[in-house]
Amino acid sequence: MSHAGRLALVLAALAAALLATAAIAVLAGSARIAPGSVAQALAGRADPASTEAVVILSLRLPRIAAAALAGGALAVAGVGFQALTRNPLAEPSVLGVSSGAAFGVVVGQLVTTGGGIVADAVRLTVFGLGGALLAGVAVYLIAAIGGGLPVHTLLLAGVIVGIFFASATTVLTSLLDINRLGGIVHWLLGNISPIAPAPLGVFALLAGLGFALIVGRARQLNLLALGEEAAVQLGVAAERLKLRIFVGAALLTASVVAFAGPIGFVGLVVPHALRLVLGPDNRVLAPAALVAGGAFLLAADTLARTVVAPAELSVGVITSFCGAPVFVYLLRARPRGGL
Amino acid sequence: MSVLLEVRGLDFAYPPERSRSAPRFALSAVTFTLARGEILGVIGPNSAGKTTLIRLLTRVLEPAGGDIRLEGTSLRRLGRWELARQVAVVPQDVPPGLPFTVEQVVLMGRYPHAPRRFFETAADLAVAREAMEATGVDELAQASVQSLSGGERQRVTLARALAQEPRLLVLDEPTAHLDLRYQAECATLLRSINRERGVSVLLVSHDLNLAAQVSDRLLLLNEGRVARLGPPAAVLEEALLTAVYGCPVVVDRHAVTGRPMVQVAWSPLSAEGR
């Protein structure tokens, strides 16, 4: 089968899985709504003021969209960071980039106000991107030794930078008035909430931009796995490529952090599972991660809002429960320091 | 024979901040030509500038002075894709843990021919298959590169370079990790590729005897300068090598090929020490 044919098949299978997860997610919830009523609400045949219509159309659907988008963005960011560092353990939260983005978002909330819901979303993402880039550069400067990025040094640098920015965020939140504190703490744990159509559009646009930056250079990322010098000798502009992938992955991370908070390990678990099945080709991995990441986080979020219903868990807690064992496994199983 | 590669007055020094982590390598006033179809062996002690020369030839580094011309065109005026279509490097090895299959790695050699394409075409695959057959790794196409022996990996990187369809093949210490049998295979393969495809070869090697057997001419570098350039018999002279390597050597004739063969002249002291 041709490369393109195989990719189409993979994406179709993953899209089916995403739709199936979405179907379960729209049916499940603390408000018990019969499948018939759900179908009616989806078809637009329910009374717009009815509880069913409000729950389905204003709560569950926007939340499903937000979860799928955030999951896809995080998984693609993971693929990007992993190709960039040639290390399967690299991921926005492990590298401290999520913490940097969270710091940026909190700064954005403190120093600016007003301007409407869309402008707010864009501004917070831009601040988040600033924080993510700052953290990423810090990790790189700490970990880069003699032109290389040793795996363990990189991980330690990520942990340290993550702790630093988390502490800085804590300092900032203590400056907030007590009424906003609860919301911030809830957000810092990583929580998907329904997003209104306009800001959701902004989220999709920003994440789409980050995705395009990465997937558009997926072939070059494969060559980067041969080592930077070998990639240059094959005609890849390695420095420009790395900058582009870094900005793309940071933008994906920042948009998720701005809209849902720092949710860990999605970028670790999803690319790893996909690699086992699909192999290492980034041209397949990156698009597949977009869809599979969406399905994974949607499933996690549905679990988060149903297991202890009517209360809710943070989805970040669930992804960490999945991610920590995968991290340990990858750390132990890593073949001779490579990808 | 017409000139393929012309290197004139090539100067280079690593910036001071980088030489802190590594010894200070440099090249100064390096001049030589490589004819179309020729195999030129580049030899010399550690830090003579051999690897730096490869990096300058492939524009990983830019020269501080002098010029490198490929078929009369300065490298500075070639785009990176154009350069990669003409000059292919065979590195010592692939990075440890490289997760790709043999076929995927060889297909990477097609990148400079259509860098804006997302996937390789059937025509690319045909070139890659032919390259894998030429180096005898076609049956390993679907195997993971990681699972191969050092000699097999060497032939995979050679196939990847052939898939670039270059005019000039640059080999960086091709036998560094290979035992005797693979060294012999590598030498035979290199000569047949050179003869059958008309590809010129720049062979950078620590192994003086391999270089002497395979090369038409040798370029001996020492401390970044050309110590001598000429046929193996003219370069591999006892007095010259003893001076350059700082250790006494004996040069014999190879029993079969008649080419020079270099051996360390073990001092009586170390013989007694046994």
# chains A, B, ... in the order shown; residues from 1 in each chain; ligands from 1
call {"tool": "interface_residues", "arguments": {"of": "chain A", "to": "chain B", "cutoff": "12 Å", "atoms": "only C-alpha atoms", "output": "count of residues only"}}
result
56
call {"tool": "residues_around", "arguments": {"residues": "B:Glu62", "least_positions_apart": "3", "cutoff": "12 Å", "atoms": "only C-alpha atoms", "output": "tab-separated table (two decimals) with N, CA and C atoms, in the first residue's frame"}}
result
chain	number	residue	atom	x	y	z
B	10	LEU	N	42.21	26.51	1.43
B	10	LEU	CA	41.13	26.40	2.42
B	10	LEU	C	41.64	26.66	3.84
B	11	ASP	N	41.03	27.64	4.51
B	11	ASP	CA	41.38	27.97	5.90
B	11	ASP	C	40.17	27.78	6.77
B	12	PHE	N	40.40	27.29	7.95
B	12	PHE	CA	39.32	27.21	8.93
B	12	PHE	C	39.88	27.06	10.33
B	13	ALA	N	39.25	27.74	11.29
B	13	ALA	CA	39.58	27.53	12.70
B	13	ALA	C	38.29	27.54	13.49
B	14	TYR	N	38.14	26.63	14.44
B	14	TYR	CA	36.95	26.65	15.29
B	14	TYR	C	37.02	27.87	16.20
B	15	PRO	N	35.88	28.50	16.47
B	15	PRO	CA	35.92	29.65	17.38
B	15	PRO	C	36.38	29.21	18.76
B	27	LEU	N	42.28	24.07	9.79
B	27	LEU	CA	42.88	23.79	8.49
B	27	LEU	C	43.52	25.08	8.02
B	52	THR	N	37.10	17.90	9.96
B	52	THR	CA	36.81	19.29	9.61
B	52	THR	C	36.69	19.45	8.10
B	53	LEU	N	37.54	18.75	7.38
B	53	LEU	CA	37.49	18.82	5.91
B	53	LEU	C	36.13	18.32	5.41
B	54	ILE	N	35.65	17.21	5.97
B	54	ILE	CA	34.33	16.68	5.57
B	54	ILE	C	33.25	17.71	5.87
B	55	ARG	N	33.32	18.32	7.04
B	55	ARG	CA	32.29	19.30	7.42
B	55	ARG	C	32.30	20.52	6.51
B	56	LEU	N	33.48	20.89	6.04
B	56	LEU	CA	33.56	22.04	5.13
B	56	LEU	C	33.04	21.65	3.74
B	57	LEU	N	33.33	20.41	3.33
B	57	LEU	CA	32.86	19.94	2.02
B	57	LEU	C	31.34	19.84	1.97
B	58	THR	N	30.71	19.66	3.11
B	58	THR	CA	29.25	19.48	3.14
B	58	THR	C	28.55	20.69	3.74
B	59	ARG	N	29.28	21.75	3.96
B	59	ARG	CA	28.74	23.01	4.48
B	59	ARG	C	28.07	22.89	5.83
B	65	GLY	N	38.52	31.03	4.91
B	65	GLY	CA	39.19	31.57	3.73
B	65	GLY	C	39.34	30.49	2.68
B	66	GLY	N	39.64	30.89	1.44
B	66	GLY	CA	39.79	29.93	0.37
B	66	GLY	C	38.45	29.53	-0.21
B	67	ASP	N	38.47	28.54	-1.08
B	67	ASP	CA	37.24	28.21	-1.79
B	67	ASP	C	37.17	26.71	-2.08
B	68	ILE	N	35.96	26.19	-2.13
B	68	ILE	CA	35.74	24.81	-2.56
B	68	ILE	C	34.83	24.88	-3.78
B	74	SER	N	31.38	27.36	-6.96
B	74	SER	CA	31.70	27.47	-5.54
B	74	SER	C	30.56	26.92	-4.70
B	75	LEU	N	30.89	26.18	-3.63
B	75	LEU	CA	29.87	25.60	-2.75
B	75	LEU	C	28.96	26.67	-2.20
B	76	ARG	N	29.52	27.87	-2.00
B	76	ARG	CA	28.72	28.98	-1.45
B	76	ARG	C	27.53	29.30	-2.33
call {"tool": "atom_distance", "arguments": {"atom1": "atom CA of B:Gln86", "atom2": "atom CA of B:Val201"}}
result
11.8 Å
call {"tool": "closest_residue", "arguments": {"among": "A:Leu129, A:Leu331, A:Leu298, A:Val151", "to": "A:Ile64", "atoms": "only C-alpha atoms"}}
result
A:Leu298
call {"tool": "residues_around", "arguments": {"residues": "B:Asp179", "least_positions_apart": "5", "cutoff": "9 Å", "atoms": "only C-alpha atoms", "output": "list in words"}}
result
Gly150, Gly151 and Ala184 of chain B
call {"tool": "select_by_dssp", "arguments": {"residues": "stretch 66-113 of chain B", "states": "strand (DSSP E or B)", "output": "PyMOL selection string"}}
result
chain B and resi 66-70+73-74+87-90+101
call {"tool": "atom_distance", "arguments": {"atom1": "atom CA of B:Ser2", "atom2": "atom CA of B:Leu70"}}
result
11.4 Å
call {"tool": "residues_around", "arguments": {"residues": "A:Gly323", "least_positions_apart": "2", "cutoff": "12 Å", "atoms": "only C-alpha atoms", "output": "PyMOL selection string"}}
result
chain A and resi 89+91+93-94+263-273+296-297+300+316-321+325-330
call {"tool": "write_last_selection", "arguments": {"atoms": "N, CA and C atoms", "output": "compact mmCIF listing (two decimals), in the first residue's frame"}}
result
# COMPACT_ATOMS: atom_id res chain seq x y z
N LEU A 89 10.95 10.32 26.05
CA LEU A 89 10.42 10.77 27.33
C LEU A 89 10.09 12.26 27.32
N GLU A 91 8.25 15.60 26.73
CA GLU A 91 6.81 15.85 26.70
C GLU A 91 6.60 17.17 27.41
N SER A 93 4.89 18.42 29.88
CA SER A 93 4.94 18.52 31.34
C SER A 93 6.28 18.04 31.89
N VAL A 94 6.84 16.98 31.28
CA VAL A 94 8.13 16.46 31.73
C VAL A 94 9.23 17.50 31.51
N ILE A 263 -2.19 19.89 31.66
CA ILE A 263 -2.57 18.47 31.75
C ILE A 263 -1.37 17.65 31.33
N GLY A 264 -0.90 16.80 32.23
CA GLY A 264 0.36 16.10 31.99
C GLY A 264 0.22 14.78 31.26
N PHE A 265 1.32 14.35 30.65
CA PHE A 265 1.55 12.99 30.18
C PHE A 265 0.77 12.56 28.93
N VAL A 266 -0.18 13.38 28.44
CA VAL A 266 -0.87 12.97 27.21
C VAL A 266 0.14 12.85 26.08
N GLY A 267 1.08 13.79 26.04
CA GLY A 267 2.10 13.78 25.00
C GLY A 267 3.12 12.67 25.15
N LEU A 268 3.06 11.95 26.25
CA LEU A 268 3.96 10.81 26.46
C LEU A 268 3.26 9.51 26.10
N VAL A 269 2.04 9.35 26.66
CA VAL A 269 1.31 8.09 26.53
C VAL A 269 0.87 7.85 25.08
N VAL A 270 0.28 8.88 24.47
CA VAL A 270 -0.32 8.68 23.14
C VAL A 270 0.74 8.40 22.07
N PRO A 271 1.80 9.23 21.96
CA PRO A 271 2.81 8.90 20.94
C PRO A 271 3.47 7.54 21.18
N HIS A 272 3.67 7.19 22.45
CA HIS A 272 4.29 5.88 22.72
C HIS A 272 3.41 4.75 22.22
N ALA A 273 2.12 4.80 22.55
CA ALA A 273 1.20 3.75 22.10
C ALA A 273 1.15 3.71 20.57
N PHE A 296 -8.05 9.96 23.42
CA PHE A 296 -7.53 9.59 24.74
C PHE A 296 -7.97 10.58 25.82
N LEU A 297 -7.80 11.87 25.55
CA LEU A 297 -8.15 12.85 26.58
C LEU A 297 -9.66 12.93 26.77
N ALA A 300 -10.48 10.12 29.01
CA ALA A 300 -10.03 10.44 30.36
C ALA A 300 -10.98 11.45 31.01
N GLY A 316 -6.39 15.97 34.71
CA GLY A 316 -4.94 15.89 34.85
C GLY A 316 -4.51 14.77 35.81
N VAL A 317 -5.37 14.51 36.80
CA VAL A 317 -5.08 13.42 37.74
C VAL A 317 -5.13 12.08 37.01
N ILE A 318 -6.14 11.93 36.17
CA ILE A 318 -6.29 10.66 35.45
C ILE A 318 -5.16 10.45 34.44
N THR A 319 -4.80 11.51 33.70
CA THR A 319 -3.71 11.33 32.73
C THR A 319 -2.38 11.05 33.44
N SER A 320 -2.20 11.63 34.62
CA SER A 320 -0.97 11.35 35.36
C SER A 320 -0.94 9.90 35.85
N PHE A 321 -2.10 9.39 36.27
CA PHE A 321 -2.15 7.98 36.67
C PHE A 321 -1.77 7.07 35.51
N PRO A 325 3.23 5.37 35.00
CA PRO A 325 3.78 4.03 34.71
C PRO A 325 4.43 3.95 33.33
N VAL A 326 3.85 4.61 32.33
CA VAL A 326 4.44 4.59 30.99
C VAL A 326 5.82 5.25 31.01
N PHE A 327 5.93 6.35 31.78
CA PHE A 327 7.20 7.04 31.91
C PHE A 327 8.26 6.12 32.50
N VAL A 328 7.90 5.45 33.58
CA VAL A 328 8.85 4.54 34.24
C VAL A 328 9.25 3.42 33.28
N TYR A 329 8.25 2.90 32.57
CA TYR A 329 8.55 1.83 31.61
C TYR A 329 9.55 2.30 30.55
N LEU A 330 9.28 3.48 29.98
CA LEU A 330 10.15 4.01 28.93
C LEU A 330 11.55 4.29 29.45
call {"tool": "atom_distance", "arguments": {"atom1": "atom CA of A:His152", "atom2": "atom CA of A:Leu213"}}
result
27.5 Å
call {"tool": "closest_residue", "arguments": {"among": "B:His177, B:Leu5, B:Val244, B:Ala128", "to": "B:Gly224", "atoms": "only C-alpha atoms"}}
result
B:Val244
call {"tool": "select_by_dssp", "arguments": {"residues": "stretch 85-259 of chain A", "states": "helix (DSSP H, G or I)", "output": "ChimeraX atom specification"}}
result
/A:85,97-111,116-143,151-175,178-188,197-215,218-224,228-233,238-259
call {"tool": "residues_around", "arguments": {"residues": "stretch 37-46 of chain B", "least_positions_apart": "6", "cutoff": "7 Å", "atoms": "only C-alpha atoms", "output": "PyMOL selection string"}}
result
chain B and resi 194+198-206+208+211+215-222+245
call {"tool": "residues_around", "arguments": {"residues": "A:Leu149", "least_positions_apart": "4", "cutoff": "9 Å", "atoms": "only C-alpha atoms", "output": "compact mmCIF listing (two decimals) with C-alpha atoms, in the first residue's frame"}}
result
# COMPACT_ATOMS: atom_id res chain seq x y z
CA THR A 85 15.23 16.07 21.54
CA ARG A 86 15.45 12.55 20.04
CA TYR A 140 17.92 23.67 26.73
CA ALA A 143 20.87 20.49 29.56
CA ALA A 144 22.96 21.20 26.45
CA ILE A 145 26.45 19.84 26.96
CA THR A 153 20.34 15.77 32.05
CA LEU A 154 17.44 16.83 29.87
call {"tool": "closest_residue", "arguments": {"among": "B:Glu139, B:Glu196, B:Glu6, B:Asp172", "to": "B:Gln92", "atoms": "only C-alpha atoms"}}
result
B:Asp172
call {"tool": "closest_residue", "arguments": {"among": "A:Ala90, A:Leu134, A:Ala41, A:Leu189", "to": "A:Leu156", "atoms": "only C-alpha atoms"}}
result
A:Ala90
call {"tool": "decode", "arguments": {"residues": "stretch 97-110 of chain B", "atoms": "C-alpha atoms", "output": "JSON list (two decimals), in the first residue's frame"}}
result
[["chain", "number", "residue", "atom", "x", "y", "z"],
["B", 97, "GLY", "CA", 18.67, 3.38, 19.11],
["B", 98, "LEU", "CA", 17.65, 4.71, 15.68],
["B", 99, "PRO", "CA", 14.11, 3.28, 15.42],
["B", 100, "PHE", "CA", 13.72, 3.13, 11.63],
["B", 101, "THR", "CA", 13.87, 0.14, 9.29],
["B", 102, "VAL", "CA", 16.62, -0.31, 6.70],
["B", 103, "GLU", "CA", 14.29, 0.72, 3.89],
["B", 104, "GLN", "CA", 13.14, 3.84, 5.75],
["B", 105, "VAL", "CA", 16.74, 4.90, 6.36],
["B", 106, "VAL", "CA", 17.78, 4.31, 2.74],
["B", 107, "LEU", "CA", 14.72, 6.24, 1.51],
["B", 108, "MET", "CA", 15.92, 9.23, 3.56],
["B", 109, "GLY", "CA", 18.66, 9.57, 0.92],
["B", 110, "ARG", "CA", 15.95, 10.63, -1.54]]
